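Presented below is the structure to which this report refers.
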Amino acid sequence: MNVEQIIEQCISEGKFIYSIFTTPRKKSENPYKKITARAIEIKEEKVIQLEKYTETKVFHENLKYENAGEIIFELIKNEYRNINLFTEDSDYQLIVSKKGSIKMIEKEPSKQLLLMEHNKKKQYIINEGEPCSFLVELGVMNQEGLVYAKKYDKFKQINKFLEIVDDSLRDSKLSDNFMIIDFGCGKAYLTFALYHYFYNVRNMKVRIIGLDLKEDVIEFCNETSKKLGYKNLEFKIGDIKDFVYKSKVDMIVTLHACDNATDAALLKAINWNTDIILSVPCCQHEFYNKIENENLEPMLKHGLIKERMSSLVTDSLRSLFLETKGYKVQLLEFISMEHTPKNILIKAIKTNKETSKAKHQYEEFKKFWNLENLFIERGDINR
Ligand SMILES: C[S@@+](CC[C@H](N)C(=O)[O-])C[C@H]1O[C@@H](n2cnc3c(N)ncnc32)[C@H](O)[C@@H]1O
């Protein structure tokens with residue numbers, strides 16, 4: 001492999017640790033006599049931090065981890081003549097001639113543990129560096145447990161979700177028959193994560209069903225589950241509103257199930273008296289066409305604002321609706337806003353809460369927005 005390929009690979013596999021660039025090629029044009037590049041984590045985001053040294057000062061610049069490869073290679077190709085590059089796989093010494101050819105000396109890696117020590121890594125439920133079979137199978141991490149740079153956001157999302165699950169179960173009575181349904185499971189990263197969490201972290205033999213409309217996706221999930229040897233995990237093809245289950249369901253999960261599919265899932269859970277609901281809604285169209293309020297016309301006349309407002313009103317109303325059914329509801333930020341605006345997680349826990357205040361608020365709120373004949377009330381679902 002040449003230097004460019006080595007850099008590309010170590011960034012894409014999340015194996016870049018540290019690099020030092022010295023001896024500038026054009027001293028008169030380059031104010032920085034030395035630059036270092038270090039992989040660190042800032043606010044749970046993996047970045048590469050450059051420290052640029054002039055004679056008297058140090059300047060810092062943070063690069064998006066996935067985009068850093070090109071900039072690092074540019075520093076090698078055009079800016080500096082002595083470079084030390086440390087990756088999880090090897091140490092490299094690079095010497096660039098005046099004409100630009102690169103001599104490379106490769107050595108055994110000396111800084112394998114440096115990344116973890118320097119980053120004060122957050123302790124997740126699934127930690128980087130600990131191979132986790134379903135994440136390896138789904139291409140999130142390699143056999144050594146290193147998370148691929150492209151999949152780092154997914155890795156964090158999975159952990160964040162498991163933290164919320166862990167927290168939601170705090171007051172629950174758990175037994176091996178605990179039944180979970182993931183509605184609109186898609187490729188099922190989170191369904192497999194749930195399985196891993198219960199079986200491998202909590203040592204509980206729960207039962208899980210993942211449901212989705214897409215035949216090919218369900219086939220893929222069942223094959224993956226078989227490969228992993230996951231028992232009591234089943235994937236089924238079907239529409240949420242038509243799904244019938246006759247025994248107790250303890251927890252339902254819906255993550256980005258489109259439009260009214262979320263409402264159908266909430267209704268199922270309410271009808272089943274499900275104890276725990278974790279739902280991140282997705283696109284919402286129903287209210288967009290119905291929502292009206294004369295005083296808020298200056299806002300609602302803008303399509304973009306109307307769309308965001310409709311989503312917020314929808315989720316507020318869904319939460320209130322769950323409260324009218326005796327659930328204690330909390331809205332949590334699921335993933336950071338910069339990744340997706342669809343990041344509100346509705347956490348609803350069944351209690352014996354008094355519901356009259358919620359019922360009154362629900363009716364008043366609907367009147368305020370001129371909303372009626374809502375899907376969640378009509379409940380056009382099979383029971
Ligand atoms: C955006 S994906 C999310 C997948 C997964 N939950 C995740 O968070 O990665 C939404 C999934 O919901 C499924 N879906 C949408 N409407 C559905 C319905 N009415 N019944 C079952 N699945 C549905 C889609 O087929 C799709 O796979």
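Following the order of the structure tokens, chains are lettered A, B, ..., residues in each are numbered from 1, and ligands are numbered from 1.
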
Contacts of ligand 1, 7 Å or closer, only C-alpha atoms and all ligand atoms, given as a ChimeraX atom specification: /A:183-190,211-214,238-241,254-258,261

Counting only C-alpha atoms, the option among A:Ser97, A:Asn373, A:Tyr152, A:Glu364 closest to Lys46 (chain A):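 Looking at the shortest contact to Lys46 (chain A), the residue is A:Tyr152.
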
How would you write, as a PyMOL selection string, the set of residues in region 118-301 of chain A that DSSP gives as strand (DSSP E)? chain A and resi 179-183+207-212+233-237+251-255+276-280

Leaving out Pro24 (chain A) and any residue of its chain fewer than 2 positions from it, which residues lie within 6 Å of it when counting only C-alpha atoms, given as a VMD selection string? chain A and resid 22 26 to 27 79 to 80

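Proximity to region 153-162 of chain A at 8 Å, evaluated using only C-alpha atoms and with sequence-adjacent residues fewer than 5 positions away removed, yields Tyr124, Ile125, Ile126, Val140, Val147, Tyr189, Leu190, Ala193, Leu194, Tyr197, Phe334 and Ile335 of chain A.
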
Kindly export the residues of the current selection with N, CA, C and O atoms, as an mmCIF file, in the first residue's frame.
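Heads up, here's the output in result_10.cif:
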```cif
data_model
loop_
_atom_site.group_PDB
_atom_site.id
_atom_site.type_symbol
_atom_site.label_atom_id
_atom_site.label_comp_id
_atom_site.auth_asym_id
_atom_site.auth_seq_id
_atom_site.Cartn_x
_atom_site.Cartn_y
_atom_site.Cartn_z
ATOM 1 N N TYR A 124 -19.360 3.274 27.586
ATOM 2 C CA TYR A 124 -20.650 2.969 26.983
ATOM 3 C C TYR A 124 -21.109 1.596 27.480
ATOM 4 O O TYR A 124 -20.339 0.865 28.099
ATOM 5 N N ILE A 125 -22.337 1.215 27.146
ATOM 6 C CA ILE A 125 -22.796 -0.147 27.460
ATOM 7 C C ILE A 125 -22.027 -1.122 26.568
ATOM 8 O O ILE A 125 -21.584 -2.171 26.997
ATOM 9 N N ILE A 126 -21.858 -0.744 25.288
ATOM 10 C CA ILE A 126 -20.963 -1.515 24.412
ATOM 11 C C ILE A 126 -19.727 -0.653 24.181
ATOM 12 O O ILE A 126 -19.853 0.479 23.682
ATOM 13 N N VAL A 140 -20.321 -2.645 11.797
ATOM 14 C CA VAL A 140 -20.104 -1.414 12.578
ATOM 15 C C VAL A 140 -18.683 -1.402 13.156
ATOM 16 O O VAL A 140 -18.046 -0.358 13.264
ATOM 17 N N VAL A 147 -14.296 0.461 15.988
ATOM 18 C CA VAL A 147 -15.468 0.949 15.251
ATOM 19 C C VAL A 147 -14.988 1.661 13.984
ATOM 20 O O VAL A 147 -14.084 2.494 14.033
ATOM 21 N N TYR A 189 -30.493 -2.840 13.564
ATOM 22 C CA TYR A 189 -29.333 -2.562 14.435
ATOM 23 C C TYR A 189 -29.781 -2.541 15.906
ATOM 24 O O TYR A 189 -29.149 -3.113 16.778
ATOM 25 N N LEU A 190 -30.934 -1.845 16.112
ATOM 26 C CA LEU A 190 -31.349 -1.641 17.499
ATOM 27 C C LEU A 190 -32.044 -2.873 18.074
ATOM 28 O O LEU A 190 -31.984 -3.116 19.282
ATOM 29 N N ALA A 193 -29.266 -4.952 19.060
ATOM 30 C CA ALA A 193 -28.653 -4.326 20.240
ATOM 31 C C ALA A 193 -29.449 -4.666 21.500
ATOM 32 O O ALA A 193 -28.875 -4.962 22.555
ATOM 33 N N LEU A 194 -30.780 -4.660 21.353
ATOM 34 C CA LEU A 194 -31.630 -5.012 22.499
ATOM 35 C C LEU A 194 -31.350 -6.439 22.941
ATOM 36 O O LEU A 194 -31.234 -6.739 24.130
ATOM 37 N N TYR A 197 -28.109 -6.626 24.699
ATOM 38 C CA TYR A 197 -28.210 -6.007 26.019
ATOM 39 C C TYR A 197 -28.842 -6.977 27.029
ATOM 40 O O TYR A 197 -28.320 -7.183 28.119
ATOM 41 N N PHE A 334 -32.733 12.134 21.493
ATOM 42 C CA PHE A 334 -32.196 10.808 21.189
ATOM 43 C C PHE A 334 -30.788 10.911 20.622
ATOM 44 O O PHE A 334 -29.837 10.334 21.155
ATOM 45 N N ILE A 335 -30.644 11.638 19.531
ATOM 46 C CA ILE A 335 -29.316 11.872 18.969
ATOM 47 C C ILE A 335 -29.174 13.364 18.734
ATOM 48 O O ILE A 335 -30.173 14.066 18.646
#
```

Distance query Ile344 (chain A) at most 12 Å, only C-alpha atoms, self and fewer than 5 positions along chain excluded, as a PyMOL selection string: chain A and resi 161+254-256+278-283+311-312+314-316+318-319+330-337

Produce a file of the selected residues containing N, CA and C atoms, as an mmCIF file, in the first residue's frame.
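Listed below is the output, selection_33.cif:
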```
data_model
loop_
_atom_site.group_PDB
_atom_site.id
_atom_site.type_symbol
_atom_site.label_atom_id
_atom_site.label_comp_id
_atom_site.auth_asym_id
_atom_site.auth_seq_id
_atom_site.Cartn_x
_atom_site.Cartn_y
_atom_site.Cartn_z
ATOM 1 N N PHE A 161 -29.264 4.593 22.775
ATOM 2 C CA PHE A 161 -30.535 3.893 22.862
ATOM 3 C C PHE A 161 -30.503 2.898 24.045
ATOM 4 N N THR A 254 -40.363 1.818 18.749
ATOM 5 C CA THR A 254 -40.491 2.203 17.334
ATOM 6 C C THR A 254 -39.472 3.294 17.093
ATOM 7 N N LEU A 255 -38.610 3.081 16.138
ATOM 8 C CA LEU A 255 -37.585 4.085 15.858
ATOM 9 C C LEU A 255 -37.673 4.519 14.411
ATOM 10 N N HIS A 256 -38.120 5.745 14.236
ATOM 11 C CA HIS A 256 -38.276 6.325 12.904
ATOM 12 C C HIS A 256 -39.224 5.509 12.021
ATOM 13 N N LEU A 278 -40.925 3.061 23.973
ATOM 14 C CA LEU A 278 -39.840 3.957 23.551
ATOM 15 C C LEU A 278 -40.048 4.230 22.070
ATOM 16 N N SER A 279 -40.328 5.490 21.734
ATOM 17 C CA SER A 279 -40.700 5.775 20.352
ATOM 18 C C SER A 279 -40.042 7.058 19.843
ATOM 19 N N VAL A 280 -39.284 6.910 18.754
ATOM 20 C CA VAL A 280 -38.746 8.103 18.082
ATOM 21 C C VAL A 280 -39.534 8.255 16.785
ATOM 22 N N PRO A 281 -40.474 9.222 16.730
ATOM 23 C CA PRO A 281 -41.274 9.368 15.528
ATOM 24 C C PRO A 281 -40.434 9.825 14.345
ATOM 25 N N CYS A 282 -41.043 9.685 13.161
ATOM 26 C CA CYS A 282 -40.315 10.074 11.938
ATOM 27 C C CYS A 282 -41.098 11.202 11.259
ATOM 28 N N CYS A 283 -41.232 11.122 9.941
ATOM 29 C CA CYS A 283 -41.955 12.160 9.215
ATOM 30 C C CYS A 283 -43.422 12.201 9.675
ATOM 31 N N SER A 311 -44.510 18.901 13.416
ATOM 32 C CA SER A 311 -43.857 17.772 14.079
ATOM 33 C C SER A 311 -43.885 17.943 15.595
ATOM 34 N N LEU A 312 -43.587 19.152 16.052
ATOM 35 C CA LEU A 312 -43.550 19.383 17.506
ATOM 36 C C LEU A 312 -44.945 19.272 18.117
ATOM 37 N N THR A 314 -47.379 17.489 16.862
ATOM 38 C CA THR A 314 -47.734 16.057 16.802
ATOM 39 C C THR A 314 -47.167 15.320 18.008
ATOM 40 N N ASP A 315 -45.884 15.548 18.270
ATOM 41 C CA ASP A 315 -45.255 14.801 19.371
ATOM 42 C C ASP A 315 -45.793 15.242 20.740
ATOM 43 N N SER A 316 -46.124 16.542 20.850
ATOM 44 C CA SER A 316 -46.713 17.005 22.117
ATOM 45 C C SER A 316 -48.070 16.348 22.313
ATOM 46 N N ARG A 318 -49.153 13.528 20.925
ATOM 47 C CA ARG A 318 -48.978 12.086 21.180
ATOM 48 C C ARG A 318 -48.660 11.852 22.666
ATOM 49 N N SER A 319 -47.776 12.697 23.192
ATOM 50 C CA SER A 319 -47.386 12.547 24.600
ATOM 51 C C SER A 319 -48.582 12.745 25.510
ATOM 52 N N GLN A 330 -41.997 11.261 29.169
ATOM 53 C CA GLN A 330 -40.832 12.147 29.134
ATOM 54 C C GLN A 330 -40.377 12.255 27.687
ATOM 55 N N LEU A 331 -40.000 13.436 27.239
ATOM 56 C CA LEU A 331 -39.428 13.563 25.897
ATOM 57 C C LEU A 331 -37.916 13.778 26.040
ATOM 58 N N LEU A 332 -37.142 12.945 25.373
ATOM 59 C CA LEU A 332 -35.686 12.999 25.501
ATOM 60 C C LEU A 332 -35.042 13.259 24.154
ATOM 61 N N GLU A 333 -33.870 13.895 24.180
ATOM 62 C CA GLU A 333 -33.134 14.046 22.917
ATOM 63 C C GLU A 333 -32.423 12.723 22.638
ATOM 64 N N PHE A 334 -32.733 12.134 21.493
ATOM 65 C CA PHE A 334 -32.196 10.808 21.189
ATOM 66 C C PHE A 334 -30.788 10.911 20.622
ATOM 67 N N ILE A 335 -30.644 11.638 19.531
ATOM 68 C CA ILE A 335 -29.316 11.872 18.969
ATOM 69 C C ILE A 335 -29.174 13.364 18.734
ATOM 70 N N SER A 336 -27.935 13.813 18.618
ATOM 71 C CA SER A 336 -27.736 15.243 18.524
ATOM 72 C C SER A 336 -28.412 15.810 17.264
ATOM 73 N N MET A 337 -28.939 17.017 17.410
ATOM 74 C CA MET A 337 -29.730 17.696 16.379
ATOM 75 C C MET A 337 -28.972 17.810 15.051
#
```

Nearest-residue call for Ala269 (chain A), choices A:Lys350, A:His302, A:Lys231, A:His196, using only C-alpha atoms: A:Lys350

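Nearest to Met204 (chain A) of all the residues A:Cys221, A:Leu174, A:Leu304, A:Leu374 is A:Leu174, counting only C-alpha atoms.
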
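Using only C-alpha atoms for every distance, the candidate list A:Tyr362, A:Ile180, A:Trp369, A:Leu266 yields A:Trp369 as the residue closest to Asn295 (chain A).
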
Write out as a list in words which residues come within 9 Å of Ile376 (chain A) when counting only C-alpha atoms, dropping same-chain ones fewer than 5 positions away.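 Once the adjacent positions are removed, what remains is Asn260, Asp263, Ala264, Leu266, Leu267, Arg318 and Phe321 of chain A.
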
List every residue of region 185-292 of chain A that DSSP, applied to the backbone of this structure, places in helix (DSSP H, G or I), and write the result as number ranges by chain. A: 189-201, 215-228, 240-242, 260-272, 286-290

One residue among A:Glu130, A:Ile35, A:Leu85, A:Tyr148 is nearest to Glu108 (chain A) when using only C-alpha atoms, and that residue is A:Leu85

So which one's closest to Ser356 (chain A), A:Phe368, A:Met251, A:Gly326, A:Asn343? Using only C-alpha atoms, please. A:Gly326

Give me the residues near Asn273 (chain A) as a compact mmCIF listing (two decimals) with N, CA, C and O atoms, in the first residue's frame, where near means some atom within 12 Å (using only C-alpha atoms) and where sequence neighbours in that chain fewer than 5 positions away do not count.
```
# COMPACT_ATOMS: atom_id res chain seq x y z
N LYS A 246 -51.42 -12.00 21.02
CA LYS A 246 -52.43 -12.30 22.04
C LYS A 246 -51.88 -12.34 23.47
O LYS A 246 -52.63 -12.24 24.43
N SER A 247 -50.56 -12.49 23.63
CA SER A 247 -50.01 -12.55 25.00
C SER A 247 -49.50 -11.18 25.42
O SER A 247 -49.52 -10.24 24.64
N LYS A 248 -48.99 -11.13 26.65
CA LYS A 248 -48.54 -9.83 27.19
C LYS A 248 -47.31 -9.32 26.45
O LYS A 248 -46.38 -10.07 26.18
N VAL A 249 -47.34 -8.03 26.12
CA VAL A 249 -46.15 -7.37 25.54
C VAL A 249 -45.66 -6.37 26.58
O VAL A 249 -46.40 -5.47 26.98
N ASP A 250 -44.42 -6.50 27.03
CA ASP A 250 -43.92 -5.65 28.12
C ASP A 250 -43.33 -4.34 27.62
O ASP A 250 -43.33 -3.35 28.33
N MET A 251 -42.78 -4.40 26.41
CA MET A 251 -42.11 -3.19 25.94
C MET A 251 -42.27 -3.08 24.42
O MET A 251 -42.12 -4.09 23.72
N ILE A 252 -42.62 -1.90 23.94
CA ILE A 252 -42.58 -1.73 22.48
C ILE A 252 -41.60 -0.59 22.14
O ILE A 252 -41.44 0.38 22.89
N LEU A 266 -48.17 3.07 18.87
CA LEU A 266 -48.55 3.57 20.19
C LEU A 266 -49.91 3.00 20.60
O LEU A 266 -50.13 2.60 21.75
N LEU A 267 -50.83 2.95 19.61
CA LEU A 267 -52.16 2.42 19.90
C LEU A 267 -52.11 0.95 20.29
O LEU A 267 -52.81 0.51 21.21
N LYS A 268 -51.27 0.20 19.59
CA LYS A 268 -51.11 -1.23 19.94
C LYS A 268 -50.67 -1.32 21.40
O LYS A 268 -51.22 -2.09 22.18
N LEU A 322 -50.88 9.82 25.40
CA LEU A 322 -50.38 8.72 26.25
C LEU A 322 -50.68 9.03 27.72
O LEU A 322 -51.03 8.14 28.49
N LYS A 325 -53.97 8.12 28.83
CA LYS A 325 -54.13 6.67 28.99
C LYS A 325 -53.34 6.15 30.18
O LYS A 325 -53.08 4.95 30.31
N GLY A 326 -52.89 7.05 31.04
CA GLY A 326 -52.24 6.65 32.29
C GLY A 326 -50.74 6.42 32.19
O GLY A 326 -50.15 5.78 33.05
N TYR A 327 -50.11 6.94 31.16
CA TYR A 327 -48.64 6.81 31.05
C TYR A 327 -47.95 8.06 31.61
O TYR A 327 -48.47 9.18 31.47
N ALA A 348 -42.49 6.48 27.50
CA ALA A 348 -43.75 6.43 28.25
C ALA A 348 -43.77 5.18 29.12
O ALA A 348 -43.55 4.08 28.62
N ILE A 349 -44.00 5.38 30.41
CA ILE A 349 -44.03 4.27 31.35
C ILE A 349 -45.43 4.19 31.95
O ILE A 349 -45.95 5.21 32.45
N LYS A 350 -46.01 3.01 31.91
CA LYS A 350 -47.38 2.83 32.42
C LYS A 350 -47.40 3.01 33.94
O LYS A 350 -46.58 2.44 34.66
N THR A 351 -48.32 3.88 34.39
CA THR A 351 -48.48 4.08 35.84
C THR A 351 -49.98 4.10 36.11
O THR A 351 -50.79 4.01 35.18
N ASN A 352 -50.34 4.29 37.37
CA ASN A 352 -51.77 4.45 37.65
C ASN A 352 -52.09 5.92 37.83
O ASN A 352 -52.93 6.30 38.64
```

So how far away is CA of Lys236 (chain A) from CA of Glu137 (chain A), in Å?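 Distance between the two atoms: 20.1 Å.
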
Distance CA of Ala68 (chain A)-CA of Phe134 (chain A), one decimal place?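 Going from CA of Ala68 (chain A) over to CA of Phe134 (chain A), I get 28.2 Å.
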